[in-house]
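Some notes on the structure that comes next.
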Amino acid sequence: MERLTNISTVREILSRHGFTFSKALGQNFLINPSVCPRMAQAAVTDDNTGVLEIGPGIGVLTNELLQRARKVVAVELDKRLIPVLDETLGEYDNLKVVNADVMELDLKRLIAEEFPGMRVVVCANLPYYITSPILMKLLEERLPIETITVMVQKEAAVRLCAAEGSRDSSAITAAVRYYADPQLLFHVSAGSFMPAPKVDSAVIQLTLREPEIKPRDERMMFRVIKAAFAQRRKTVLNSISSSMSLDKGELSGILETAGVAPTARAEKLTLTDFVRISDALTEGGYDG
Ligand code: SAM
């Protein structure tokens, strides 16, 4: 349905439904006609694919997904958009719209019920105010999904796809790398959206896999990662000791056991370093 990227058509549909954009819900709808087909193509690689979409808006990406996938379940929080989606996508019988907050949903159950026998992927133009919580929910819940193909703010894309030990890496980089291999697919200019956000965006794809290296205690590892990046300009010794209220002398010994220089900055550490620190803390009797 090409008309969903046509600005005057979109304005006409939205005004007929009395819809006004909510900044708080991160509503920037895609109007660049080349973006959604590219995203859908990257996400749906065969016709036995079930797609979980988060935030369909008026259905511009959903429309492309529906043409390629066996089934699409689109979770939209804003109930004002449900009648709009009825109008724009009513012709499809492989779509289910769920009016809910994705953060509140039992996604494991939803996937089991809605996509039996299908390979499952996530594809979405994410509401930017909750990019990280959504991604962490999708990853931490160990859902049976193969890939996550999402539009995020450019800065978030850079952080999410940063190489280990590079200046752009952050706590979310390390957390994502634990569960998946990230890849930046393409850039999208701010003018591709209505209304245009202040910053450019990018589409990234996370390919999920089993962790390559596992700590004794995952909770401890994630605490250490968060603590190390809490004051990223400080040394890991200072940042971790103040964030986790650990004695500097003892922590210094633990870092040495883990083979990590106490003077290093968090961005220089690899996932293996974080696992080692975490394991040394666990072995030293600290709780995660
Ligand atoms: N997919 C559409 C597009 O590309 O034009 C809309 C994308 S817009 C950036 C984000 C969408 O997510 C909006 O429709 C918004 O209402 C919805 N949304 C915001 N928070 C949500 C949440 N917690 N759960 C589900 N949907 C949410």
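Letters for chains follow the order of the structure tokens (A, B, ...), residue numbers begin at 1 for each chain, and ligand numbers begin at 1 in the order shown.
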Quiz item: Quick one: residues within 12 Å of range 216-231 of chain A, only C-alpha atoms counted, chain neighbours fewer than 2 positions away excluded, as a PyMOL selection string?
Solution: chain A and resi 136+140+167-179+211+213-214+233-246+251+255+262-283+285-288
Self-check item: Per-residue DSSP, range 53-113 of chain A, filtered to helix (DSSP H, G or I), as a ChimeraX atom specification
Solution: /A:60-68,79-89,102-104,107-113
Pull N, CA, C and O atoms from the residues just selected and write them as a short mmCIF file (atom, residue, chain, number, x, y, z; two decimals), in the first residue's frame.
```cif
data_model
loop_
_atom_site.label_atom_id
_atom_site.label_comp_id
_atom_site.auth_asym_id
_atom_site.auth_seq_id
_atom_site.Cartn_x
_atom_site.Cartn_y
_atom_site.Cartn_z
N VAL A 60 2.58 1.35 8.22
CA VAL A 60 3.39 1.45 7.00
C VAL A 60 4.41 0.31 6.89
O VAL A 60 4.58 -0.28 5.80
N LEU A 61 5.06 -0.03 7.99
CA LEU A 61 6.00 -1.16 7.98
C LEU A 61 5.23 -2.48 8.01
O LEU A 61 5.58 -3.44 7.32
N THR A 62 4.16 -2.49 8.79
CA THR A 62 3.32 -3.70 8.91
C THR A 62 2.88 -4.18 7.53
O THR A 62 2.90 -5.37 7.22
N ASN A 63 2.49 -3.22 6.70
CA ASN A 63 2.02 -3.53 5.35
C ASN A 63 3.08 -4.30 4.55
O ASN A 63 2.79 -5.28 3.88
N GLU A 64 4.34 -3.86 4.68
CA GLU A 64 5.44 -4.54 3.97
C GLU A 64 5.70 -5.92 4.57
O GLU A 64 6.00 -6.87 3.86
N LEU A 65 5.60 -6.01 5.89
CA LEU A 65 5.84 -7.30 6.56
C LEU A 65 4.76 -8.30 6.17
O LEU A 65 5.04 -9.47 5.90
N LEU A 66 3.51 -7.83 6.11
CA LEU A 66 2.38 -8.72 5.80
C LEU A 66 2.50 -9.34 4.41
O LEU A 66 2.04 -10.45 4.18
N GLN A 67 3.10 -8.60 3.51
CA GLN A 67 3.25 -9.13 2.14
C GLN A 67 4.30 -10.23 2.05
O GLN A 67 4.34 -10.99 1.09
N ARG A 68 5.18 -10.29 3.05
CA ARG A 68 6.29 -11.27 2.99
C ARG A 68 6.18 -12.39 4.01
O ARG A 68 6.74 -13.47 3.79
N LYS A 79 -4.38 3.34 21.81
CA LYS A 79 -5.64 2.75 21.34
C LYS A 79 -6.29 3.58 20.23
O LYS A 79 -7.10 3.06 19.47
N ARG A 80 -5.90 4.85 20.09
CA ARG A 80 -6.46 5.68 19.01
C ARG A 80 -6.04 5.15 17.63
O ARG A 80 -6.65 5.48 16.62
N LEU A 81 -4.94 4.35 17.61
CA LEU A 81 -4.45 3.86 16.32
C LEU A 81 -5.13 2.55 15.89
O LEU A 81 -4.98 2.14 14.73
N ILE A 82 -5.87 1.93 16.78
CA ILE A 82 -6.49 0.63 16.44
C ILE A 82 -7.51 0.77 15.30
O ILE A 82 -7.43 0.03 14.31
N PRO A 83 -8.44 1.75 15.38
CA PRO A 83 -9.35 1.91 14.24
C PRO A 83 -8.64 2.36 12.96
O PRO A 83 -9.07 2.02 11.85
N VAL A 84 -7.54 3.07 13.11
CA VAL A 84 -6.76 3.48 11.93
C VAL A 84 -6.18 2.23 11.25
O VAL A 84 -6.27 2.06 10.03
N LEU A 85 -5.62 1.33 12.06
CA LEU A 85 -5.04 0.10 11.52
C LEU A 85 -6.11 -0.79 10.88
O LEU A 85 -5.87 -1.45 9.87
N ASP A 86 -7.31 -0.76 11.48
CA ASP A 86 -8.44 -1.51 10.89
C ASP A 86 -8.69 -1.03 9.47
O ASP A 86 -8.94 -1.82 8.56
N GLU A 87 -8.58 0.27 9.30
CA GLU A 87 -8.85 0.85 7.98
C GLU A 87 -7.69 0.60 7.00
O GLU A 87 -7.91 0.17 5.88
N THR A 88 -6.45 0.80 7.47
CA THR A 88 -5.33 0.70 6.53
C THR A 88 -4.95 -0.74 6.20
O THR A 88 -4.43 -1.00 5.11
N LEU A 89 -5.17 -1.68 7.14
CA LEU A 89 -4.69 -3.05 6.92
C LEU A 89 -5.80 -4.10 6.99
O LEU A 89 -5.53 -5.30 7.06
N VAL A 102 4.04 -3.13 25.16
CA VAL A 102 4.91 -4.29 24.93
C VAL A 102 5.69 -4.68 26.18
O VAL A 102 6.00 -5.86 26.40
N MET A 103 5.98 -3.68 27.04
CA MET A 103 6.75 -3.97 28.24
C MET A 103 5.96 -4.80 29.25
O MET A 103 6.53 -5.41 30.14
N GLU A 104 4.64 -4.78 29.11
CA GLU A 104 3.79 -5.49 30.07
C GLU A 104 3.40 -6.89 29.58
O GLU A 104 2.78 -7.66 30.30
N LEU A 107 5.64 -12.14 26.46
CA LEU A 107 5.99 -12.38 25.06
C LEU A 107 6.26 -13.86 24.77
O LEU A 107 6.01 -14.33 23.66
N LYS A 108 6.76 -14.57 25.77
CA LYS A 108 7.02 -16.00 25.57
C LYS A 108 5.71 -16.71 25.22
O LYS A 108 5.62 -17.49 24.27
N ARG A 109 4.69 -16.37 25.99
CA ARG A 109 3.38 -16.98 25.78
C ARG A 109 2.79 -16.54 24.44
O ARG A 109 2.28 -17.36 23.67
N LEU A 110 2.88 -15.25 24.18
CA LEU A 110 2.33 -14.72 22.92
C LEU A 110 2.96 -15.43 21.72
O LEU A 110 2.27 -15.87 20.80
N ILE A 111 4.29 -15.59 21.76
CA ILE A 111 4.99 -16.24 20.64
C ILE A 111 4.54 -17.69 20.49
O ILE A 111 4.26 -18.17 19.39
N ALA A 112 4.45 -18.40 21.64
CA ALA A 112 4.04 -19.81 21.58
C ALA A 112 2.62 -19.93 21.02
O ALA A 112 2.34 -20.83 20.22
N GLU A 113 1.75 -19.02 21.41
CA GLU A 113 0.35 -19.12 20.97
C GLU A 113 0.14 -18.67 19.53
O GLU A 113 -0.65 -19.24 18.79
#
```
Quiz item: Can you list every residue in range 67-130 of chain A that DSSP puts in strand (DSSP E or B), as a PyMOL selection string?
Solution: chain A and resi 71-76+95-99+119-125
For the residues selected in the previous step, produce a file with all heavy atoms as a tab-separated table (two decimals), in the first residue's frame.
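Ended up saving to out-v4.tsv:
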```tsv
chain	number	residue	atom	x	y	z
A	71	LYS	N	2.70	-14.59	9.14
A	71	LYS	CA	1.79	-13.92	10.08
A	71	LYS	C	2.52	-12.75	10.76
A	71	LYS	O	3.73	-12.83	11.00
A	71	LYS	CB	1.34	-14.92	11.14
A	71	LYS	CG	0.36	-14.34	12.14
A	71	LYS	CD	-0.20	-15.43	13.03
A	71	LYS	CE	-1.21	-14.84	14.00
A	71	LYS	NZ	-1.70	-15.85	14.93
A	72	VAL	N	1.79	-11.69	11.05
A	72	VAL	CA	2.36	-10.57	11.79
A	72	VAL	C	1.47	-10.30	13.00
A	72	VAL	O	0.25	-10.22	12.89
A	72	VAL	CB	2.42	-9.28	10.93
A	72	VAL	CG1	2.93	-8.10	11.76
A	72	VAL	CG2	3.31	-9.48	9.70
A	73	VAL	N	2.11	-10.20	14.16
A	73	VAL	CA	1.40	-9.73	15.36
A	73	VAL	C	1.99	-8.37	15.69
A	73	VAL	O	3.20	-8.24	15.90
A	73	VAL	CB	1.57	-10.70	16.55
A	73	VAL	CG1	0.96	-10.10	17.82
A	73	VAL	CG2	0.92	-12.04	16.24
A	74	ALA	N	1.13	-7.34	15.66
A	74	ALA	CA	1.59	-5.97	15.86
A	74	ALA	C	1.05	-5.45	17.19
A	74	ALA	O	-0.16	-5.40	17.40
A	74	ALA	CB	1.12	-5.08	14.71
A	75	VAL	N	1.98	-5.07	18.08
A	75	VAL	CA	1.59	-4.60	19.42
A	75	VAL	C	1.63	-3.07	19.44
A	75	VAL	O	2.69	-2.47	19.28
A	75	VAL	CB	2.56	-5.16	20.48
A	75	VAL	CG1	2.19	-4.65	21.87
A	75	VAL	CG2	2.57	-6.68	20.45
A	76	GLU	N	0.48	-2.46	19.61
A	76	GLU	CA	0.40	-0.99	19.61
A	76	GLU	C	-0.24	-0.51	20.91
A	76	GLU	O	-1.33	-0.92	21.28
A	76	GLU	CB	-0.43	-0.51	18.41
A	76	GLU	CG	-0.68	0.99	18.35
A	76	GLU	CD	0.58	1.84	18.43
A	76	GLU	OE1	1.43	1.73	17.52
A	76	GLU	OE2	0.73	2.61	19.41
A	95	LEU	N	-2.89	-10.86	9.89
A	95	LEU	CA	-2.48	-9.84	10.87
A	95	LEU	C	-3.29	-9.94	12.15
A	95	LEU	O	-4.52	-10.13	12.11
A	95	LEU	CB	-2.71	-8.43	10.28
A	95	LEU	CG	-2.58	-7.26	11.27
A	95	LEU	CD1	-1.15	-7.09	11.76
A	95	LEU	CD2	-3.06	-5.95	10.62
A	96	LYS	N	-2.60	-9.81	13.28
A	96	LYS	CA	-3.31	-9.66	14.55
A	96	LYS	C	-2.76	-8.41	15.23
A	96	LYS	O	-1.53	-8.28	15.41
A	96	LYS	CB	-3.09	-10.88	15.43
A	96	LYS	CG	-3.74	-10.72	16.79
A	96	LYS	CD	-3.88	-12.05	17.49
A	96	LYS	CE	-4.52	-11.86	18.85
A	96	LYS	NZ	-4.78	-13.15	19.48
A	97	VAL	N	-3.64	-7.48	15.57
A	97	VAL	CA	-3.21	-6.27	16.28
A	97	VAL	C	-3.53	-6.46	17.76
A	97	VAL	O	-4.65	-6.84	18.11
A	97	VAL	CB	-3.92	-5.02	15.71
A	97	VAL	CG1	-3.55	-3.79	16.53
A	97	VAL	CG2	-3.56	-4.82	14.25
A	98	VAL	N	-2.54	-6.20	18.60
A	98	VAL	CA	-2.74	-6.32	20.04
A	98	VAL	C	-2.59	-4.93	20.65
A	98	VAL	O	-1.54	-4.30	20.48
A	98	VAL	CB	-1.69	-7.28	20.67
A	98	VAL	CG1	-1.86	-7.37	22.18
A	98	VAL	CG2	-1.78	-8.67	20.04
A	99	ASN	N	-3.63	-4.45	21.31
A	99	ASN	CA	-3.56	-3.12	21.92
A	99	ASN	C	-3.00	-3.28	23.34
A	99	ASN	O	-3.73	-3.61	24.28
A	99	ASN	CB	-4.97	-2.51	21.96
A	99	ASN	CG	-4.99	-1.11	22.56
A	99	ASN	OD1	-6.01	-0.65	23.07
A	99	ASN	ND2	-3.89	-0.41	22.52
A	119	ARG	N	9.37	-19.77	12.14
A	119	ARG	CA	10.57	-19.08	12.65
A	119	ARG	C	10.09	-17.68	13.01
A	119	ARG	O	9.26	-17.09	12.31
A	119	ARG	CB	11.70	-19.06	11.62
A	119	ARG	CG	11.49	-18.18	10.43
A	119	ARG	CD	12.72	-18.15	9.55
A	119	ARG	NE	13.72	-17.23	10.06
A	119	ARG	CZ	13.83	-15.96	9.66
A	119	ARG	NH1	13.01	-15.46	8.76
A	119	ARG	NH2	14.77	-15.19	10.15
A	120	VAL	N	10.56	-17.18	14.14
A	120	VAL	CA	10.01	-15.92	14.64
A	120	VAL	C	11.08	-14.83	14.63
A	120	VAL	O	12.23	-15.07	15.01
A	120	VAL	CB	9.46	-16.11	16.08
A	120	VAL	CG1	8.84	-14.82	16.59
A	120	VAL	CG2	8.43	-17.24	16.10
A	121	VAL	N	10.69	-13.65	14.18
A	121	VAL	CA	11.61	-12.50	14.19
A	121	VAL	C	10.86	-11.29	14.74
A	121	VAL	O	9.63	-11.27	14.77
A	121	VAL	CB	12.14	-12.17	12.76
A	121	VAL	CG1	12.86	-13.35	12.15
A	121	VAL	CG2	11.02	-11.68	11.84
A	122	VAL	N	11.64	-10.30	15.16
A	122	VAL	CA	11.05	-9.02	15.59
A	122	VAL	C	11.46	-7.98	14.56
A	122	VAL	O	12.61	-7.96	14.10
A	122	VAL	CB	11.57	-8.61	16.99
A	122	VAL	CG1	11.11	-7.20	17.34
A	122	VAL	CG2	11.09	-9.60	18.04
A	123	CYS	N	10.51	-7.14	14.16
A	123	CYS	CA	10.85	-6.04	13.26
A	123	CYS	C	10.05	-4.83	13.68
A	123	CYS	O	8.83	-4.93	13.91
A	123	CYS	CB	10.52	-6.42	11.81
A	123	CYS	SG	11.13	-5.20	10.61
A	124	ALA	N	10.70	-3.68	13.83
A	124	ALA	CA	9.98	-2.51	14.34
A	124	ALA	C	10.76	-1.22	14.12
A	124	ALA	O	11.98	-1.22	14.05
A	124	ALA	CB	9.75	-2.67	15.85
A	125	ASN	N	9.98	-0.17	14.00
A	125	ASN	CA	10.52	1.18	14.10
A	125	ASN	C	10.22	1.57	15.54
A	125	ASN	O	9.11	1.93	15.88
A	125	ASN	CB	9.79	2.09	13.09
A	125	ASN	CG	10.14	3.55	13.26
A	125	ASN	OD1	11.08	3.89	13.96
A	125	ASN	ND2	9.36	4.40	12.60
```
Practice problem: Mind checking which residues fall within 12 Å of Ile7 in chain A, counting only C-alpha atoms, ignoring those fewer than 4 positions away in the same chain, and posting them as a list in words? | Solution: Glu2, Arg3, Arg11, Glu12, Ile13, Leu14, Phe29, Leu30, Ile31, Asn32, Pro33, Val60, Gly191, Ser192, Phe193, Met194 and Pro195 of chain A
Practice problem: Determine, counting only C-alpha atoms, which protein, DNA and RNA residues have an atom within 10 Å of an atom of Leu25 in chain A; residues of the same chain fewer than 5 positions away are not included. Present the result as a ChimeraX atom specification. | Solution: /A:55,77-78,127-130
Quiz prompt | Nearest to ligand 1 by atom-to-atom distance, counting only C-alpha atoms and all ligand atoms, from A:Glu155, A:Asp101, A:Asp181, A:Asp200 | solution = A:Asp101
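Distance annotation: of A:Ala40, A:Ser34, A:Leu52, A:Ala180, the residue with the minimal separation from Glu212 in chain A is A:Ala180; atom set is only C-alpha atoms.
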Quiz item: Using only C-alpha atoms and all ligand atoms, which residue out of A:Ala261, A:Leu208, A:Leu126, A:Val199 lies closest to ligand 1?
Solution: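 Checking each candidate against ligand 1, we get A:Leu126 as the closest.
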Practice problem: Could you check how far atom 11 (C, counted along the ligand's line) of ligand 1 sits from CA of Leu185 in chain A, in Å to one decimal? | Solution: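 Those two atoms sit 20.4 Å apart.
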Practice problem: Have a look at A:Leu4, A:Val158, A:Leu206, A:Leu184 and name the one nearest to ligand 1; count only C-alpha atoms and all ligand atoms. | Solution: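 Closest to ligand 1 of all the choices is A:Leu4.
In this comparison, which uses only C-alpha atoms and all ligand atoms, the residue of A:Gln27, A:Thr149, A:Thr131, A:Thr20 approaching ligand 1 most closely is A:Gln27.
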Exercise. Mind giving me the straight-line distance from atom 11 (C, counted along the ligand's line) of ligand 1 to CA of Gly57 in chain A in Å, one decimal?
Key: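 Value for the atom 11 (C, counted along the ligand's line) of ligand 1-CA of Gly57 in chain A distance: 5.1 Å.
Between atom 13 (C, counted along the ligand's line) of ligand 1 and CA of Gly59 in chain A the interatomic distance comes to 9.7 Å.
Of the residues listed (A:Glu141, A:Glu53, A:Glu164, A:Asp247), A:Glu53 shows the shortest atom-to-atom separation from ligand 1; distances use only C-alpha atoms and all ligand atoms.
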